[in-house]
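Undergrad: Submitted below is the structure of interest, expressed as C-alpha cells.
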Amino acid sequence: MKRMVITGGAGFVGSSLALLFKQHFSNLEILCFDNLSRRGSELNLPRLKAQGIQFIQGDVRNSEDFERIGKVDWLIECSAEPSVHAGYGESPRYLINTNLNGLINCLEHLRQHGGQCVFLSSSRVYPIGLLRSLPLQPSQHRFELTDGPFPEGVSQLGISEACSLEGPRSLYGTTKLSGELFIQEYCQTYGLQAIINRCGVLAGPWQMGKVDQGFMALWVAQHVFGHPLRYMGFGGEGLQVRDVLHVEDLFHLLRLQMAQVEAHSGVIYNVGGGHQNSTSLAELTERVSEITQRKIQIHSDPTTREADIPYYVTDITKVNQKTNWRPQYSLTHIVEGIFQWIEREKNQLKPIFDL
Ligand SMILES: NC(=O)c1ccc[n+]([C@@H]2O[C@H](COP(=O)([O-])OP(=O)(O)OC[C@H]3O[C@@H](n4cnc5c(N)ncnc54)[C@H](O)[C@@H]3O)[C@@H](O)[C@H]2O)c1
C-alpha cells in the first residue's frame, strides 16, 4: 500500500479512517477529497493536516475533479448524502448524483488508472416492507423479535445477507444497492478488486450527528447542550432498535479485508455491532443520561416517516467466519468516547449541534 485517496475524506467515517490508516501505516500517502457539503466536515481539516494528510476540495459528481487525484493504490469511497430520509418531499438529484454517479466516477478513475476500491454500502439495501413485517413485540423499553416464524435470512441473531432484496428500500438504499451492482460488474468486466460492506449504524467521536443521520452523536450532544430530543415513529415511544459499530472497529475489519483482497473482492458482507451492541432509543436515553449525568426533555412524535424501520440488528456471522473479525467497542464505550469528545471540543461543536 503506497497511495490512498478517501473520497468524503473530511466526513465522519472518511476522516476517522484517514487518521487511523496514517497512525498504523506511517509511510502511506493519504489524500482526502471532499466538497465539504456536510456541516462540520470543515472542522476535520486541521486534524488531517496535522497528521500530514493532504486535502483536495473536490466533488465526486465532477469527473474532471478526479484529475487532481492521480494514480492511487486504494480508493475508499466515503462520500455520500448519507441520510435515508433524503429525497422524500424534495428532489433526489443530489442524492443520486453523489451516491451513484459519484461512485461511477470513482470506478472510472480506477478503471483508467488502476487501483482497488472499498465501498461502504448500507443495511438500508434491505426492503422497508420486509423490515416492517418482522415479528416484533414491545417490551418495556424496546421492540424484541418474537420466536418467529422469520423471513428467510432473519434469525434471533439479526439480518443476514440471505435476506430478500425484493421491494422498495428508500432512495438512499437504492443508490447503495445500485452501487454494489456496478462494482460487481466492474470487478467482472474490468478486473477491479473491491471490498463491499453493508454497514449498519456507525458511530464514534467526530460524527456531526443530526436529526436525519448520526443519532448516536446527536443523542449525546443534545444531553450535553441541554437541547430537547424527539422519539419519532412507531408510536413515538423510542422502542425502535438498531445495532451500533464503532468506526475504529470498521477500520480493523478493513485492514483484514484489504490484506486479502482477492478472497473478499466482490463479496457482500453485513457489518455492524451485532446483537450485543443493539439499543433502542429509549434505552439509549437511559444510558446517555447515566454517562453524561444529565437529563433532557424528550418529545414524542408518533408519526412514522416513509423510511423509518422498527428493528435492524446485523447478523455478523458471515464476516466473522470469513475474517475472524469481531467488534471490540461496547455501546457504553462508544457513548463515553463521544461524550469525552463533545466535552473537549464543546466550543467549536456547539454551533454545529444547535438545531
Ligand atoms: N454513518 C453511518 O452510520 C453509515 C452507515 C452505513 C453506511 N455509511 C456510509 O459511509 C459513508 C460515510 O458516511 P459518513 O457517516 O462519514 O457521512 P458524512 O456525511 O459524515 O461524510 C460524507 C462526506 O462526504 C462529503 N460529500 C457529500 N457530497 C459530496 C460530493 N458530491 N463530493 C464530494 N464529497 C461529498 C461530505 O461533505 C462529507 O464530508 C457514506 O457512504 C455512507 O453512506 C455510513
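Just so we're on the same page: first chain in the C-alpha cells is A, next is B, and so on; residues restart at 1 for each chain, and ligands are numbered from 1 in the order they show up.
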Each residue of chain A lying at most 6 Å from ligand 1 should get a row with its shortest atom-to-atom pair and the distance in Å to one decimal, counting only C-alpha atoms and all ligand atoms; could you produce that, ordered by chain and increasing number, as a Markdown table?
TA:
```
| residue | atom | partner | partner_atom_place_in_ligand_line | distance |
| --- | --- | --- | --- | --- |
| A:Gly8 | CA | ligand 1 | 24 (O) | 3.5 |
| A:Ala10 | CA | ligand 1 | 39 (O) | 4.5 |
| A:Gly11 | CA | ligand 1 | 39 (O) | 3.1 |
| A:Phe12 | CA | ligand 1 | 16 (O) | 3.8 |
| A:Val13 | CA | ligand 1 | 16 (O) | 3.7 |
| A:Gly14 | CA | ligand 1 | 16 (O) | 5.5 |
| A:Asp34 | CA | ligand 1 | 34 (N) | 3.8 |
| A:Asn35 | CA | ligand 1 | 33 (C) | 4.2 |
| A:Leu36 | CA | ligand 1 | 37 (O) | 3.7 |
| A:Ser37 | CA | ligand 1 | 37 (O) | 3.9 |
| A:Arg38 | CA | ligand 1 | 37 (O) | 4.0 |
| A:Ser41 | CA | ligand 1 | 39 (O) | 4.9 |
| A:Gly58 | CA | ligand 1 | 33 (C) | 5.8 |
| A:Asp59 | CA | ligand 1 | 32 (N) | 3.4 |
| A:Val60 | CA | ligand 1 | 32 (N) | 4.1 |
| A:Arg61 | CA | ligand 1 | 31 (N) | 5.3 |
| A:Cys78 | CA | ligand 1 | 11 (C) | 4.0 |
| A:Ser79 | CA | ligand 1 | 24 (O) | 3.4 |
| A:Ala80 | CA | ligand 1 | 27 (C) | 4.6 |
| A:Glu81 | CA | ligand 1 | 27 (C) | 5.4 |
| A:Pro82 | CA | ligand 1 | 43 (O) | 4.2 |
| A:Thr98 | CA | ligand 1 | 31 (N) | 4.6 |
| A:Leu120 | CA | ligand 1 | 9 (C) | 5.0 |
| A:Ser121 | CA | ligand 1 | 7 (C) | 5.3 |
| A:Ser122 | CA | ligand 1 | 6 (C) | 4.4 |
| A:Cys199 | CA | ligand 1 | 6 (C) | 4.3 |
| A:Gly200 | CA | ligand 1 | 5 (C) | 5.0 |
| A:Val201 | CA | ligand 1 | 3 (O) | 3.7 |
| A:Leu202 | CA | ligand 1 | 3 (O) | 3.7 |
```
Undergrad: Can you tell me, as a PyMOL selection string, what residues are no more than 12 Å from Ser26 in chain A when counting only C-alpha atoms, ignoring any on the same chain fewer than 2 positions away?
TA: chain A and resi 1-3+18-24+28-30+51-53
Undergrad: Okay, now the selection with C-alpha atoms, as an mmCIF file, in the first residue's frame?
TA:
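What landed in result09.cif:
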```cif
data_model
loop_
_atom_site.group_PDB
_atom_site.id
_atom_site.type_symbol
_atom_site.label_atom_id
_atom_site.label_comp_id
_atom_site.auth_asym_id
_atom_site.auth_seq_id
_atom_site.Cartn_x
_atom_site.Cartn_y
_atom_site.Cartn_z
ATOM 1 C CA MET A 1 0.000 0.000 0.000
ATOM 2 C CA LYS A 2 1.537 3.313 -1.027
ATOM 3 C CA ARG A 3 -1.043 5.871 -2.008
ATOM 4 C CA ALA A 18 -7.702 8.541 7.169
ATOM 5 C CA LEU A 19 -6.288 9.228 10.640
ATOM 6 C CA LEU A 20 -6.330 5.549 11.624
ATOM 7 C CA PHE A 21 -4.603 4.448 8.393
ATOM 8 C CA LYS A 22 -1.959 7.143 8.911
ATOM 9 C CA GLN A 23 -1.439 6.061 12.514
ATOM 10 C CA HIS A 24 -0.965 2.397 11.542
ATOM 11 C CA LEU A 28 1.198 5.603 3.351
ATOM 12 C CA GLU A 29 0.436 8.773 1.386
ATOM 13 C CA ILE A 30 -3.193 9.703 2.058
ATOM 14 C CA GLN A 51 -1.018 14.305 10.545
ATOM 15 C CA GLY A 52 0.366 15.124 7.094
ATOM 16 C CA ILE A 53 -2.770 14.071 5.241
#
```
Undergrad: From the set A:Ala203, A:Ile296, A:Leu171, A:Val267, which residue has the shortest atom-to-atom contact distance to Leu229 in chain A, counting only C-alpha atoms?
TA: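 Closest residue, counting only C-alpha atoms: A:Ile296.
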Undergrad: How many Å separate CA of Pro205 in chain A from CA of His223 in chain A?
TA: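 Taking CA of Pro205 in chain A and CA of His223 in chain A, their separation equals 15.1 Å.
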Undergrad: Determine the nearest neighbour of Val261 in chain A from the options A:Leu239, A:Met208, A:Cys187, A:Leu245, counting only C-alpha atoms.
TA: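 So, comparing all the options, the nearest one is A:Cys187.
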Undergrad: Excluding range 246-249 of chain A and any residue of its chain fewer than 2 positions from it, enumerate the residues within 7 Å of it, using only C-alpha atoms, and give them as a VMD selection string.
TA: chain A and resid 13 202 to 204 244 251 to 253 327 to 329 334
Undergrad: What does the structure give for the distance between CA of Val220 in chain A and CA of Gly337 in chain A, in Å to one decimal?
TA: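 These atoms are spaced 10.1 Å apart.
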Undergrad: Please determine, counting only C-alpha atoms, which residue among A:Trp325, A:Phe225, A:Ile104, A:Pro92 has the shortest atom-to-atom distance to Ser63 in chain A.
TA: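 Under the stated criterion, the closest residue is A:Ile104.
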Undergrad: Counting only C-alpha atoms, what is within 12 Å of range 137-140 of chain A, bar same-chain residues fewer than 3 positions away, as a ChimeraX atom specification?
TA: /A:133-134,143-148,234-235,237-241,280,282-283,310-311
Undergrad: Kindly save the residues from that selection, with C-alpha atoms included, as a PDB file, in the first residue's frame.
TA:
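To be explicit, this is the file written out as part.pdb:
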```
ATOM      1  CA  SER A 133     -43.118  -7.008   8.772  1.00  0.00           C
ATOM      2  CA  LEU A 134     -40.659  -8.685  11.170  1.00  0.00           C
ATOM      3  CA  PHE A 143     -39.074  -3.931  20.324  1.00  0.00           C
ATOM      4  CA  GLU A 144     -37.922  -7.561  20.542  1.00  0.00           C
ATOM      5  CA  LEU A 145     -38.095 -10.285  17.922  1.00  0.00           C
ATOM      6  CA  THR A 146     -40.638 -12.938  18.862  1.00  0.00           C
ATOM      7  CA  ASP A 147     -39.886 -16.640  18.408  1.00  0.00           C
ATOM      8  CA  GLY A 148     -40.858 -16.321  14.752  1.00  0.00           C
ATOM      9  CA  PHE A 234     -43.785   3.669  15.695  1.00  0.00           C
ATOM     10  CA  GLY A 235     -45.914   5.270  18.393  1.00  0.00           C
ATOM     11  CA  GLU A 237     -42.033   5.798  22.468  1.00  0.00           C
ATOM     12  CA  GLY A 238     -38.441   5.238  21.317  1.00  0.00           C
ATOM     13  CA  LEU A 239     -38.806   1.460  21.106  1.00  0.00           C
ATOM     14  CA  GLN A 240     -37.099   1.080  17.704  1.00  0.00           C
ATOM     15  CA  VAL A 241     -33.823  -0.874  17.795  1.00  0.00           C
ATOM     16  CA  SER A 280     -33.494   1.173  21.413  1.00  0.00           C
ATOM     17  CA  ALA A 282     -35.392   4.700  25.000  1.00  0.00           C
ATOM     18  CA  GLU A 283     -32.517   2.551  26.264  1.00  0.00           C
ATOM     19  CA  PRO A 310     -38.658  -0.521  13.760  1.00  0.00           C
ATOM     20  CA  TYR A 311     -35.791  -3.013  14.043  1.00  0.00           C
TER      21      TYR A 311
END
```
